[in-house]
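Note: the block below is work_6.txt and it holds compact mmCIF, C-alpha atoms.
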# COMPACT_ATOMS: atom_id res chain seq x y z
CA MET A 4 -23.61 14.20 -4.02
CA GLU A 5 -20.96 16.30 -5.70
CA ARG A 6 -17.46 15.32 -4.66
CA ASN A 7 -15.11 18.26 -4.09
CA LEU A 8 -11.90 16.63 -2.85
CA TYR A 9 -9.81 17.19 -5.95
CA GLU A 10 -8.49 20.26 -7.74
CA GLU A 11 -7.16 20.82 -11.26
CA ASP A 12 -3.64 19.56 -10.45
CA HIS A 13 -5.04 16.29 -9.14
CA GLU A 14 -7.15 15.75 -12.26
CA GLN A 15 -4.11 16.36 -14.46
CA PHE A 16 -2.24 13.78 -12.41
CA ARG A 17 -5.22 11.43 -12.89
CA GLU A 18 -4.81 11.66 -16.66
CA LEU A 19 -1.15 10.77 -16.26
CA ALA A 20 -1.97 7.80 -14.03
CA ALA A 21 -4.71 6.53 -16.36
CA GLU A 22 -2.42 6.79 -19.38
CA PHE A 23 0.31 4.90 -17.52
CA ASP A 24 -2.13 2.15 -16.54
CA ALA A 25 -3.42 1.77 -20.10
CA ARG A 26 0.08 1.65 -21.58
CA GLU A 27 2.19 -0.21 -19.02
CA VAL A 28 -0.25 -2.31 -16.97
CA ALA A 29 -3.39 -3.28 -18.89
CA PRO A 30 -1.70 -5.28 -21.71
CA HIS A 31 0.23 -7.45 -19.24
CA TYR A 32 -1.78 -7.63 -16.03
CA GLN A 33 -3.43 -11.00 -16.69
CA GLN A 34 -0.06 -12.63 -17.35
CA TRP A 35 1.41 -11.08 -14.20
CA GLY A 36 -1.43 -12.63 -12.22
CA GLN A 37 -0.60 -16.04 -13.66
CA ASP A 38 3.08 -15.50 -12.90
CA HIS A 39 2.40 -14.13 -9.40
CA MET A 40 4.96 -11.47 -10.21
CA MET A 41 5.29 -8.06 -11.83
CA PRO A 42 8.45 -7.23 -13.80
CA ARG A 43 10.99 -4.77 -12.52
CA GLU A 44 10.48 -2.77 -15.68
CA LEU A 45 7.09 -1.72 -14.33
CA TRP A 46 8.77 -0.03 -11.38
CA THR A 47 11.28 1.89 -13.46
CA ALA A 48 8.53 2.91 -15.88
CA ALA A 49 6.46 4.20 -12.95
CA GLY A 50 9.48 6.05 -11.64
CA ALA A 51 10.13 7.66 -15.02
CA GLN A 52 6.49 8.77 -15.08
CA GLY A 53 6.78 10.36 -11.64
CA LEU A 54 4.39 7.97 -9.88
CA LEU A 55 6.70 6.74 -7.10
CA GLY A 56 7.96 8.47 -3.98
CA LEU A 57 5.68 11.44 -4.43
CA ALA A 58 6.47 12.83 -0.98
CA VAL A 59 10.25 12.61 -1.37
CA PRO A 60 11.83 16.10 -1.21
CA GLU A 61 13.43 17.52 -4.34
CA GLU A 62 16.92 17.29 -2.84
CA PHE A 63 16.58 13.49 -2.93
CA GLY A 64 15.12 13.30 -6.43
CA GLY A 65 11.41 13.58 -5.64
CA MET A 66 8.76 16.23 -6.15
CA GLY A 67 7.92 16.90 -2.51
CA LEU A 68 4.21 16.22 -3.05
CA THR A 69 3.06 15.70 0.51
CA ASP A 70 -0.59 16.24 -0.49
CA TYR A 71 -2.04 12.74 -0.04
CA ARG A 72 -4.70 13.41 -2.65
CA PHE A 73 -2.19 12.51 -5.35
CA ARG A 74 -1.73 9.04 -3.82
CA SER A 75 -5.53 8.72 -3.65
CA VAL A 76 -5.83 9.48 -7.34
CA LEU A 77 -3.34 6.74 -8.15
CA ASP A 78 -5.26 4.16 -6.11
CA GLU A 79 -8.54 5.19 -7.73
CA GLU A 80 -7.18 4.72 -11.24
CA PHE A 81 -5.72 1.28 -10.53
CA ALA A 82 -8.95 0.22 -8.81
CA LYS A 83 -11.07 1.52 -11.68
CA ALA A 84 -9.04 -0.60 -14.09
CA ASN A 85 -9.18 -3.67 -11.80
CA HIS A 86 -5.40 -3.59 -11.35
CA LEU A 87 -5.33 -3.36 -7.57
CA ALA A 88 -2.26 -5.61 -7.19
CA VAL A 89 -0.19 -2.78 -8.67
CA ALA A 90 -1.70 -0.35 -6.18
CA LEU A 91 -0.83 -2.76 -3.35
CA ALA A 92 2.80 -3.12 -4.45
CA PHE A 93 3.22 0.65 -4.71
CA HIS A 94 1.42 1.13 -1.38
CA LEU A 95 3.94 -1.03 0.48
CA HIS A 96 6.78 0.99 -1.02
CA ASP A 97 5.26 4.48 -0.64
CA ASP A 98 2.86 4.31 2.31
CA LEU A 99 4.78 2.03 4.67
CA VAL A 100 8.52 2.09 3.96
CA LEU A 101 8.91 5.66 2.71
CA PRO A 102 7.21 7.45 5.65
CA HIS A 103 9.59 5.77 8.11
CA LEU A 104 12.64 6.89 6.13
CA LEU A 105 11.33 10.43 5.74
CA ALA A 106 10.39 10.79 9.40
CA TYR A 107 13.26 9.00 11.14
CA GLY A 108 16.04 8.29 8.66
CA SER A 109 19.41 10.03 8.83
CA ASP A 110 20.55 12.20 5.92
CA GLU A 111 22.98 9.43 5.00
CA LEU A 112 20.19 6.88 4.90
CA LYS A 113 17.96 9.17 2.85
CA LYS A 114 20.70 9.88 0.31
CA TYR A 115 21.28 6.16 -0.13
CA TRP A 116 17.66 5.01 -0.43
CA LEU A 117 15.34 7.78 -1.55
CA PRO A 118 16.61 8.53 -5.09
CA GLY A 119 16.34 4.85 -6.03
CA MET A 120 12.90 4.56 -4.48
CA VAL A 121 11.74 7.49 -6.60
CA SER A 122 13.22 6.09 -9.82
CA GLY A 123 11.97 2.54 -9.19
CA GLU A 124 15.50 1.18 -9.21
CA LYS A 125 15.14 0.20 -5.56
CA VAL A 126 11.97 -1.68 -4.65
CA THR A 127 11.15 -2.08 -0.97
CA SER A 128 8.90 -4.10 1.30
CA VAL A 129 7.87 -4.14 4.95
CA ALA A 130 8.97 -7.14 7.03
CA MET A 131 7.36 -7.09 10.43
CA THR A 132 4.98 -10.08 10.48
CA GLU A 133 6.39 -13.45 11.57
CA PRO A 134 4.87 -16.95 11.76
CA GLY A 135 4.25 -16.38 15.48
CA ALA A 136 3.73 -12.62 15.51
CA GLY A 137 1.23 -10.71 13.41
CA SER A 138 -0.67 -7.82 14.90
CA ASP A 139 1.12 -8.28 18.23
CA LEU A 140 4.53 -6.99 17.23
CA ARG A 141 5.87 -7.44 20.75
CA GLY A 142 6.02 -11.13 19.92
CA VAL A 143 8.60 -10.58 17.15
CA ARG A 144 11.58 -12.94 17.60
CA THR A 145 13.89 -11.81 14.78
CA LYS A 146 16.95 -10.44 16.53
CA ALA A 147 19.69 -7.96 15.70
CA VAL A 148 22.99 -7.93 17.59
CA ARG A 149 25.87 -5.49 17.28
CA ASP A 150 29.06 -6.53 15.56
CA GLY A 151 31.42 -3.58 15.54
CA ASP A 152 29.77 -0.78 13.60
CA ASP A 153 27.38 -3.25 11.93
CA TRP A 154 24.43 -5.37 13.01
CA LEU A 155 23.85 -9.09 12.45
CA ILE A 156 20.19 -9.99 11.91
CA THR A 157 18.75 -13.50 12.30
CA GLY A 158 15.14 -14.58 12.04
CA GLN A 159 12.14 -15.22 9.80
CA LYS A 160 9.34 -13.09 8.36
CA THR A 161 6.19 -14.12 6.48
CA PHE A 162 3.39 -12.63 4.34
CA ILE A 163 5.85 -10.08 2.93
CA GLY A 164 4.55 -8.19 -0.10
CA ASN A 165 7.28 -7.39 -2.67
CA GLY A 166 9.30 -10.00 -0.76
CA ILE A 167 10.68 -11.64 -3.90
CA SER A 168 10.80 -8.68 -6.27
CA GLY A 169 12.08 -6.19 -3.70
CA ASP A 170 15.69 -5.19 -3.13
CA ALA A 171 15.32 -4.53 0.59
CA ALA A 172 12.89 -4.69 3.47
CA LEU A 173 12.12 -2.46 6.43
CA VAL A 174 12.66 -5.02 9.19
CA LEU A 175 11.51 -4.89 12.80
CA ALA A 176 14.01 -6.78 14.95
CA ARG A 177 14.67 -7.39 18.63
CA THR A 178 17.70 -5.41 19.85
CA ASP A 179 17.46 -5.72 23.65
CA GLY A 180 19.09 -9.17 23.75
CA SER A 181 16.38 -10.76 25.88
CA GLY A 182 13.74 -13.40 25.16
CA GLY A 183 10.00 -13.57 25.68
CA ARG A 184 7.52 -10.89 24.76
CA GLY A 185 9.28 -7.58 24.24
CA GLY A 186 8.70 -4.23 25.86
CA ALA A 187 8.33 -0.76 24.43
CA GLY A 188 12.08 -0.33 24.00
CA SER A 189 12.94 -3.85 22.83
CA PHE A 190 12.83 -3.34 19.07
CA SER A 191 14.50 -1.34 16.32
CA LEU A 192 13.94 -0.81 12.60
CA PHE A 193 16.49 -1.58 9.89
CA MET A 194 16.71 -1.36 6.12
CA VAL A 195 17.94 -4.84 5.19
CA GLU A 196 19.20 -5.42 1.66
CA LYS A 197 19.26 -8.69 -0.28
CA THR A 198 22.81 -9.64 0.67
CA GLU A 199 24.52 -12.81 1.90
CA GLY A 200 22.37 -14.64 4.43
CA ASN A 201 19.15 -12.94 3.28
CA SER A 202 17.11 -15.54 1.40
CA THR A 203 13.58 -15.73 0.07
CA GLY A 204 11.41 -18.69 0.98
CA ARG A 205 8.41 -20.01 -0.88
CA GLN A 206 6.19 -17.69 -2.83
CA LEU A 207 2.81 -17.68 -1.10
CA ASP A 208 -0.39 -18.29 -3.02
CA LYS A 209 -3.26 -15.91 -2.31
CA MET A 210 -6.99 -15.59 -2.92
CA GLY A 211 -6.52 -12.41 -4.93
CA LEU A 212 -4.11 -9.67 -5.99
CA LYS A 213 -1.91 -12.44 -7.33
CA ALA A 214 0.24 -10.18 -9.51
CA SER A 215 1.76 -8.76 -6.32
CA ASP A 216 4.32 -11.28 -5.04
CA THR A 217 4.14 -12.33 -1.40
CA ALA A 218 6.79 -14.47 0.28
CA GLU A 219 8.65 -15.66 3.34
CA LEU A 220 12.02 -14.11 4.21
CA PHE A 221 14.86 -15.76 6.12
CA PHE A 222 17.78 -13.93 7.75
CA ASP A 223 20.88 -15.89 8.76
CA ASN A 224 23.39 -13.50 10.35
CA VAL A 225 22.72 -10.90 7.66
CA ARG A 226 25.29 -8.12 8.02
CA VAL A 227 23.60 -4.72 8.06
CA PRO A 228 25.67 -1.51 8.04
CA GLY A 229 25.14 0.73 11.04
CA MET A 230 23.76 3.50 8.83
CA ASN A 231 20.80 1.25 7.95
CA LEU A 232 19.41 1.54 11.47
CA VAL A 233 16.30 3.70 11.01
CA GLY A 234 16.24 6.37 13.69
CA GLU A 235 17.37 5.41 17.18
CA GLU A 236 17.90 1.98 18.68
CA GLY A 237 14.99 0.72 20.78
CA ARG A 238 12.34 2.97 19.23
CA GLY A 239 11.09 0.60 16.52
CA LEU A 240 7.62 0.06 18.00
CA GLU A 241 7.22 3.77 18.61
CA TYR A 242 8.14 4.52 15.01
CA ALA A 243 5.82 1.84 13.63
CA ALA A 244 2.93 3.22 15.69
CA GLY A 245 3.75 6.76 14.58
CA GLN A 246 3.26 5.86 10.93
CA LEU A 247 0.04 3.88 11.41
CA PRO A 248 -2.26 6.70 10.20
CA GLN A 249 -0.85 6.74 6.66
CA GLY A 250 -0.89 2.95 6.30
CA ARG A 251 -4.46 2.76 7.57
CA LEU A 252 -5.61 5.68 5.45
CA ALA A 253 -4.16 4.02 2.36
CA ILE A 254 -6.32 0.94 2.97
CA ALA A 255 -9.42 3.08 3.44
CA VAL A 256 -8.70 4.97 0.21
CA ALA A 257 -8.20 1.75 -1.75
CA ALA A 258 -11.33 0.17 -0.25
CA THR A 259 -13.42 3.17 -1.26
CA ALA A 260 -11.98 3.18 -4.77
CA VAL A 261 -12.84 -0.51 -5.12
CA ALA A 262 -16.38 0.08 -3.84
CA ARG A 263 -16.97 2.80 -6.44
CA ALA A 264 -15.50 0.66 -9.24
CA VAL A 265 -17.57 -2.39 -8.24
CA TYR A 266 -20.77 -0.34 -8.06
CA GLU A 267 -20.24 1.23 -11.49
CA ALA A 268 -19.36 -2.14 -13.04
CA THR A 269 -22.56 -3.61 -11.59
CA VAL A 270 -24.71 -0.80 -12.98
CA ARG A 271 -23.19 -1.39 -16.43
CA TYR A 272 -23.86 -5.11 -16.16
CA THR A 273 -27.48 -4.72 -15.10
CA ARG A 274 -28.06 -2.35 -18.02
CA GLU A 275 -26.77 -4.94 -20.48
CA ARG A 276 -28.15 -8.14 -18.94
CA ASN A 277 -31.71 -9.26 -19.69
CA ALA A 278 -33.89 -11.67 -17.72
CA PHE A 279 -37.56 -12.57 -18.31
CA GLY A 280 -37.66 -10.13 -21.18
CA GLU A 281 -36.45 -7.10 -19.20
CA ARG A 282 -33.15 -5.50 -18.28
CA VAL A 283 -32.00 -6.58 -14.83
CA LEU A 284 -31.68 -2.87 -14.02
CA ASP A 285 -35.44 -2.41 -14.53
CA PHE A 286 -36.45 -4.85 -11.80
CA GLN A 287 -37.58 -3.00 -8.71
CA ASN A 288 -35.38 -5.06 -6.37
CA SER A 289 -32.30 -4.28 -8.48
CA ARG A 290 -33.02 -0.58 -8.31
CA PHE A 291 -33.61 -0.69 -4.54
CA THR A 292 -30.35 -2.55 -3.98
CA LEU A 293 -28.32 -0.31 -6.27
CA ALA A 294 -29.78 2.80 -4.63
CA ASP A 295 -28.69 1.52 -1.21
CA ILE A 296 -25.21 0.75 -2.51
CA ARG A 297 -24.85 4.10 -4.25
CA THR A 298 -25.74 5.84 -0.99
CA GLU A 299 -23.15 3.79 0.93
CA VAL A 300 -20.45 4.54 -1.64
CA ASP A 301 -21.18 8.27 -1.46
CA ALA A 302 -21.00 8.12 2.34
CA MET A 303 -17.72 6.19 2.20
CA GLU A 304 -16.19 8.78 -0.11
CA ALA A 305 -17.30 11.65 2.09
CA TYR A 306 -15.84 10.03 5.20
CA VAL A 307 -12.56 8.99 3.55
CA ASP A 308 -12.17 12.35 1.79
CA LYS A 309 -12.47 14.06 5.17
CA ALA A 310 -9.80 11.74 6.54
CA VAL A 311 -7.47 12.54 3.61
CA LEU A 312 -7.80 16.26 4.28
CA ALA A 313 -7.23 15.70 7.99
CA PHE A 314 -4.08 13.74 7.19
CA ASN A 315 -2.83 16.55 4.97
CA GLU A 316 -3.31 18.93 7.89
CA GLY A 317 -1.56 16.62 10.36
CA ARG A 318 -4.78 15.97 12.31
CA LEU A 319 -5.40 12.27 11.51
CA ASP A 320 -4.31 10.32 14.57
CA ALA A 321 -3.99 6.53 14.86
CA VAL A 322 -7.49 6.09 16.34
CA ALA A 323 -9.26 8.15 13.68
CA ALA A 324 -7.26 6.35 10.99
CA ALA A 325 -8.29 2.99 12.45
CA GLN A 326 -11.93 4.06 12.41
CA VAL A 327 -11.92 5.10 8.77
CA LYS A 328 -10.01 1.96 7.78
CA LEU A 329 -12.52 -0.23 9.66
CA PHE A 330 -15.54 1.50 8.16
CA ALA A 331 -14.27 1.46 4.57
CA SER A 332 -12.93 -2.08 4.58
CA GLU A 333 -16.13 -3.52 6.09
CA ARG A 334 -18.33 -1.55 3.68
CA VAL A 335 -16.44 -2.64 0.58
CA LYS A 336 -16.85 -6.30 1.52
CA SER A 337 -20.59 -5.88 2.01
CA ILE A 338 -20.97 -3.87 -1.20
CA THR A 339 -19.02 -6.40 -3.25
CA ASP A 340 -21.12 -9.28 -1.92
CA ARG A 341 -24.38 -7.54 -2.81
CA CYS A 342 -23.14 -6.47 -6.24
CA LEU A 343 -22.14 -10.05 -7.01
Would you mind giving the structure from this file in structure tokens?
Amino acid sequence: MERNLYEEDHEQFRELAAEFDAREVAPHYQQWGQDHMMPRELWTAAGAQGLLGLAVPEEFGGMGLTDYRFRSVLDEEFAKANHLAVALAFHLHDDLVLPHLLAYGSDELKKYWLPGMVSGEKVTSVAMTEPGAGSDLRGVRTKAVRDGDDWLITGQKTFIGNGISGDAALVLARTDGSGGRGGAGSFSLFMVEKTEGNSTGRQLDKMGLKASDTAELFFDNVRVPGMNLVGEEGRGLEYAAGQLPQGRLAIAVAATAVARAVYEATVRYTRERNAFGERVLDFQNSRFTLADIRTEVDAMEAYVDKAVLAFNEGRLDAVAAAQVKLFASERVKSITDRCL
């Protein structure tokens, strides 16, 4: 099937992304995986190339590219090169933190954070998950209490991507002063910088994507300026739910890019590999299996492409985004297993 998602501008951006990957990522990626860390220079190089904060308005140093197809191109190029840890690190910064600042942040907050996020001089992460609260965010125990015009934040977060390398995290904290499972208005969002009382715990080992650092974060009465409250007090859960479509879509896009890359790598391998005097590709079972997988990949792309266009038009709600994320993430696991 012919894919018709992209236009000339997107393909020009693809060339830029591919050139960046070949120059700045490919020579070093294996070492970053061993180190469980990417250097800060990668971020500033990506910023100089115009690959970060694509949706940031021009007044804050960005290009105002709200067309999500440009983000999709970036994921596809990193997946094609087997450098998905870079895509993950950028995703946390651009698909999770940035949308909250753009949608709910004050002008003061945007002026402080957005230019650095575009240039790569400020690297961000999302800190919502805790040892006792993952998908159920109403179980979050990290608390924020007022202290004059500031807030004091105390608590612990875990599984935080960019947790070590990042300069700040978007933190969900309890602001209603009560205990137990929170209600709809119990939580608020804050941008919390690496200042006194904000410490990084152990770096967590992972099964894959090791070049992207993942860590625990500890907050001990971290003083947060009042301007770093994102939006209004007590609306943290509402804001997090409001930005679910982009985060879910990003996972679906990455899953589909991986599926395509895995399929194409498998076709190349079966062309080159011989068994019993024949190419593996020439065995009937290989051709049946690859035909099935090719059909699934085409279907994934068609579904995800439709979701990308719906997101661009403001029509991708949380349920539809969850559906496309579920479909793509389950398919890529199945496809990868069969290709292996």
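Distances from A:Ser122, A:Ser128, A:Thr178, A:Asn224 to Leu101 of chain A were compared using all atoms listed in the file, and the smallest one belongs to A:Ser128.
With atom CA of Val89 of chain A on one side and atom CA of Ser215 of chain A on the other, the separation reads 6.7 Å.
The space separating atom CA of Ala313 of chain A from atom CA of Arg251 of chain A comes to 13.2 Å.
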(request) Find the spatial neighbours of Ala310 of chain A, counting only C-alpha atoms, within a cut-off of 12 Å - ignore same-chain residues fewer than 5 positions away - and output them as a ChimeraX atom specification. (result) /A:8,71-72,75,248-249,251-256,303-305,315-328,330-331
(message) Around (10.4, 2.3, 20.7), as given in the file, which residues come within 8 Å? Count all atoms listed in the file and list them as number ranges by chain.
(response) A: 187-191, 236-242
(request) Go through A:Ala58, A:Val143, A:Ala106, A:Ala214 and flag the residue nearest His31 of chain A, using only C-alpha atoms for the distances. (result) A:Ala214
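We find atom CA of Arg263 of chain A and atom CA of His96 of chain A to be spaced 24.4 Å apart.
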Can you build me a table of segment 201-260 of chain A residues sitting at most 9 Å from segment 81-85 of chain A, with the closest atom pair per residue and its distance in Å to one decimal, using only C-alpha atoms, sorted by chain and residue number, as a Markdown table?
| residue | atom | partner | partner_atom | distance |
| --- | --- | --- | --- | --- |
| A:Ala257 | CA | A:Ala82 | CA | 7.3 |
| A:Ala258 | CA | A:Ala82 | CA | 8.9 |
| A:Ala260 | CA | A:Ala82 | CA | 5.9 |
Can I get the selection written as a compact mmCIF listing (two decimals), in the frame of the given file, with C-alpha atoms?
# COMPACT_ATOMS: atom_id res chain seq x y z
CA ALA A 257 -8.20 1.75 -1.75
CA ALA A 258 -11.33 0.17 -0.25
CA ALA A 260 -11.98 3.18 -4.77
Give one line per residue of segment 174-262 of chain A that approaches segment 147-163 of chain A to at most 12 Å, naming the two atoms of the closest pair and their distance in Å to one decimal, counting only C-alpha atoms; sort by chain then ascending residue number and deliver it as a tab-separated table.
residue	atom	partner	partner_atom	distance
A:Val174	CA	A:Lys160	CA	8.8
A:Leu175	CA	A:Ala147	CA	9.2
A:Ala176	CA	A:Ala147	CA	5.8
A:Arg177	CA	A:Ala147	CA	5.8
A:Thr178	CA	A:Ala147	CA	5.3
A:Asp179	CA	A:Val148	CA	8.5
A:Gly180	CA	A:Val148	CA	7.4
A:Ser181	CA	A:Val148	CA	11.0
A:Ser189	CA	A:Ala147	CA	10.6
A:Phe190	CA	A:Ala147	CA	8.9
A:Ser191	CA	A:Ala147	CA	8.4
A:Leu192	CA	A:Ala147	CA	9.7
A:Phe193	CA	A:Ala147	CA	9.2
A:Met194	CA	A:Ile156	CA	11.0
A:Val195	CA	A:Ile156	CA	8.8
A:Glu196	CA	A:Ile156	CA	11.3
A:Thr198	CA	A:Ile156	CA	11.5
A:Glu199	CA	A:Leu155	CA	11.2
A:Gly200	CA	A:Thr157	CA	8.7
A:Asn201	CA	A:Thr157	CA	9.0
A:Ser202	CA	A:Gln159	CA	9.8
A:Thr203	CA	A:Lys160	CA	9.7
A:Gly204	CA	A:Thr161	CA	8.9
A:Arg205	CA	A:Thr161	CA	9.7
A:Gln206	CA	A:Phe162	CA	9.2
A:Leu207	CA	A:Phe162	CA	7.4
A:Asp208	CA	A:Phe162	CA	10.0
A:Lys209	CA	A:Phe162	CA	10.0
A:Ser215	CA	A:Ile163	CA	10.2
A:Asp216	CA	A:Ile163	CA	8.2
A:Thr217	CA	A:Ile163	CA	5.2
A:Ala218	CA	A:Ile163	CA	5.2
A:Glu219	CA	A:Thr161	CA	4.3
A:Leu220	CA	A:Lys160	CA	5.0
A:Phe221	CA	A:Gln159	CA	4.6
A:Phe222	CA	A:Thr157	CA	4.7
A:Asp223	CA	A:Thr157	CA	4.8
A:Asn224	CA	A:Leu155	CA	4.9
A:Val225	CA	A:Ile156	CA	5.0
A:Arg226	CA	A:Leu155	CA	4.8
A:Val227	CA	A:Trp154	CA	5.1
A:Pro228	CA	A:Asp153	CA	4.6
A:Gly229	CA	A:Asp153	CA	4.7
A:Met230	CA	A:Asp153	CA	8.3
A:Asn231	CA	A:Asp153	CA	8.9
A:Leu232	CA	A:Trp154	CA	8.7
A:Glu236	CA	A:Ala147	CA	10.5
A:Gly237	CA	A:Ala147	CA	11.1
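Proximity ranking of A:Gly64, A:Leu99, A:Ile296, A:His94 relative to Tyr115 of chain A places A:Gly64 first, based on all atoms listed in the file.
Closest approach to Val233 of chain A among A:Gly169, A:Gly53, A:Pro30, A:Gly108 is made by A:Gly108 (distances from only C-alpha atoms).
Summary of the local environment: counting all atoms listed in the file, residues at most 8 Å from Leu95 of chain A, other than itself and those fewer than 4 positions away along its chain, are Leu91, Leu99, Val100, Thr127, Ser128, Val129, Gly164 and Asn165 of chain A.
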Could you save those same residues with C-alpha atoms as a PDB file, in the coordinates of the input?
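Okay, again07.pdb is ready:
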ATOM      1  CA  LEU A  91      -0.830  -2.760  -3.350  1.00  0.00           C
ATOM      2  CA  LEU A  99       4.780   2.030   4.670  1.00  0.00           C
ATOM      3  CA  VAL A 100       8.520   2.090   3.960  1.00  0.00           C
ATOM      4  CA  THR A 127      11.150  -2.080  -0.970  1.00  0.00           C
ATOM      5  CA  SER A 128       8.900  -4.100   1.300  1.00  0.00           C
ATOM      6  CA  VAL A 129       7.870  -4.140   4.950  1.00  0.00           C
ATOM      7  CA  GLY A 164       4.550  -8.190  -0.100  1.00  0.00           C
ATOM      8  CA  ASN A 165       7.280  -7.390  -2.670  1.00  0.00           C
TER       9      ASN A 165
END
(message) My list of candidates is A:Leu104, A:Met131, A:Ala51, A:Ala243. Which is closest to Lys146 of chain A when distances are computed with all atoms listed in the file?
(response) A:Met131
(message) I'd like the neighbourhood of His86 of chain A as number ranges by chain, where a residue qualifies if any of its atoms comes within 8 Å (using all atoms listed in the file), though same-chain residues fewer than 5 positions away should be ignored.
(response) A: 28-29, 32, 81
(request) List the neighbours of Gly67 of chain A out to 12 Å using all atoms listed in the file; skip same-chain residues closer than 2 positions along the sequence, and give me the result as a count of residues only. (result) 19
(request) Please identify all polymer residues within 12 Å of segment 16-18 of chain A, counting all atoms listed in the file, omitting same-chain residues fewer than 4 positions from it, and present them as a ChimeraX atom specification. (result) /A:9-12,22-25,52-54,57,68,72-81,83
Residue subset to file, keeping C-alpha atoms, as a PDB file, in the coordinates of the input:
ATOM      1  CA  TYR A   9      -9.810  17.190  -5.950  1.00  0.00           C
ATOM      2  CA  GLU A  10      -8.490  20.260  -7.740  1.00  0.00           C
ATOM      3  CA  GLU A  11      -7.160  20.820 -11.260  1.00  0.00           C
ATOM      4  CA  ASP A  12      -3.640  19.560 -10.450  1.00  0.00           C
ATOM      5  CA  GLU A  22      -2.420   6.790 -19.380  1.00  0.00           C
ATOM      6  CA  PHE A  23       0.310   4.900 -17.520  1.00  0.00           C
ATOM      7  CA  ASP A  24      -2.130   2.150 -16.540  1.00  0.00           C
ATOM      8  CA  ALA A  25      -3.420   1.770 -20.100  1.00  0.00           C
ATOM      9  CA  GLN A  52       6.490   8.770 -15.080  1.00  0.00           C
ATOM     10  CA  GLY A  53       6.780  10.360 -11.640  1.00  0.00           C
ATOM     11  CA  LEU A  54       4.390   7.970  -9.880  1.00  0.00           C
ATOM     12  CA  LEU A  57       5.680  11.440  -4.430  1.00  0.00           C
ATOM     13  CA  LEU A  68       4.210  16.220  -3.050  1.00  0.00           C
ATOM     14  CA  ARG A  72      -4.700  13.410  -2.650  1.00  0.00           C
ATOM     15  CA  PHE A  73      -2.190  12.510  -5.350  1.00  0.00           C
ATOM     16  CA  ARG A  74      -1.730   9.040  -3.820  1.00  0.00           C
ATOM     17  CA  SER A  75      -5.530   8.720  -3.650  1.00  0.00           C
ATOM     18  CA  VAL A  76      -5.830   9.480  -7.340  1.00  0.00           C
ATOM     19  CA  LEU A  77      -3.340   6.740  -8.150  1.00  0.00           C
ATOM     20  CA  ASP A  78      -5.260   4.160  -6.110  1.00  0.00           C
ATOM     21  CA  GLU A  79      -8.540   5.190  -7.730  1.00  0.00           C
ATOM     22  CA  GLU A  80      -7.180   4.720 -11.240  1.00  0.00           C
ATOM     23  CA  PHE A  81      -5.720   1.280 -10.530  1.00  0.00           C
ATOM     24  CA  LYS A  83     -11.070   1.520 -11.680  1.00  0.00           C
TER      25      LYS A  83
END
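The closest residue to Ala302 of chain A, picked from A:Thr259, A:Thr47, A:Ser168, A:Thr145 and counting only C-alpha atoms, is A:Thr259.
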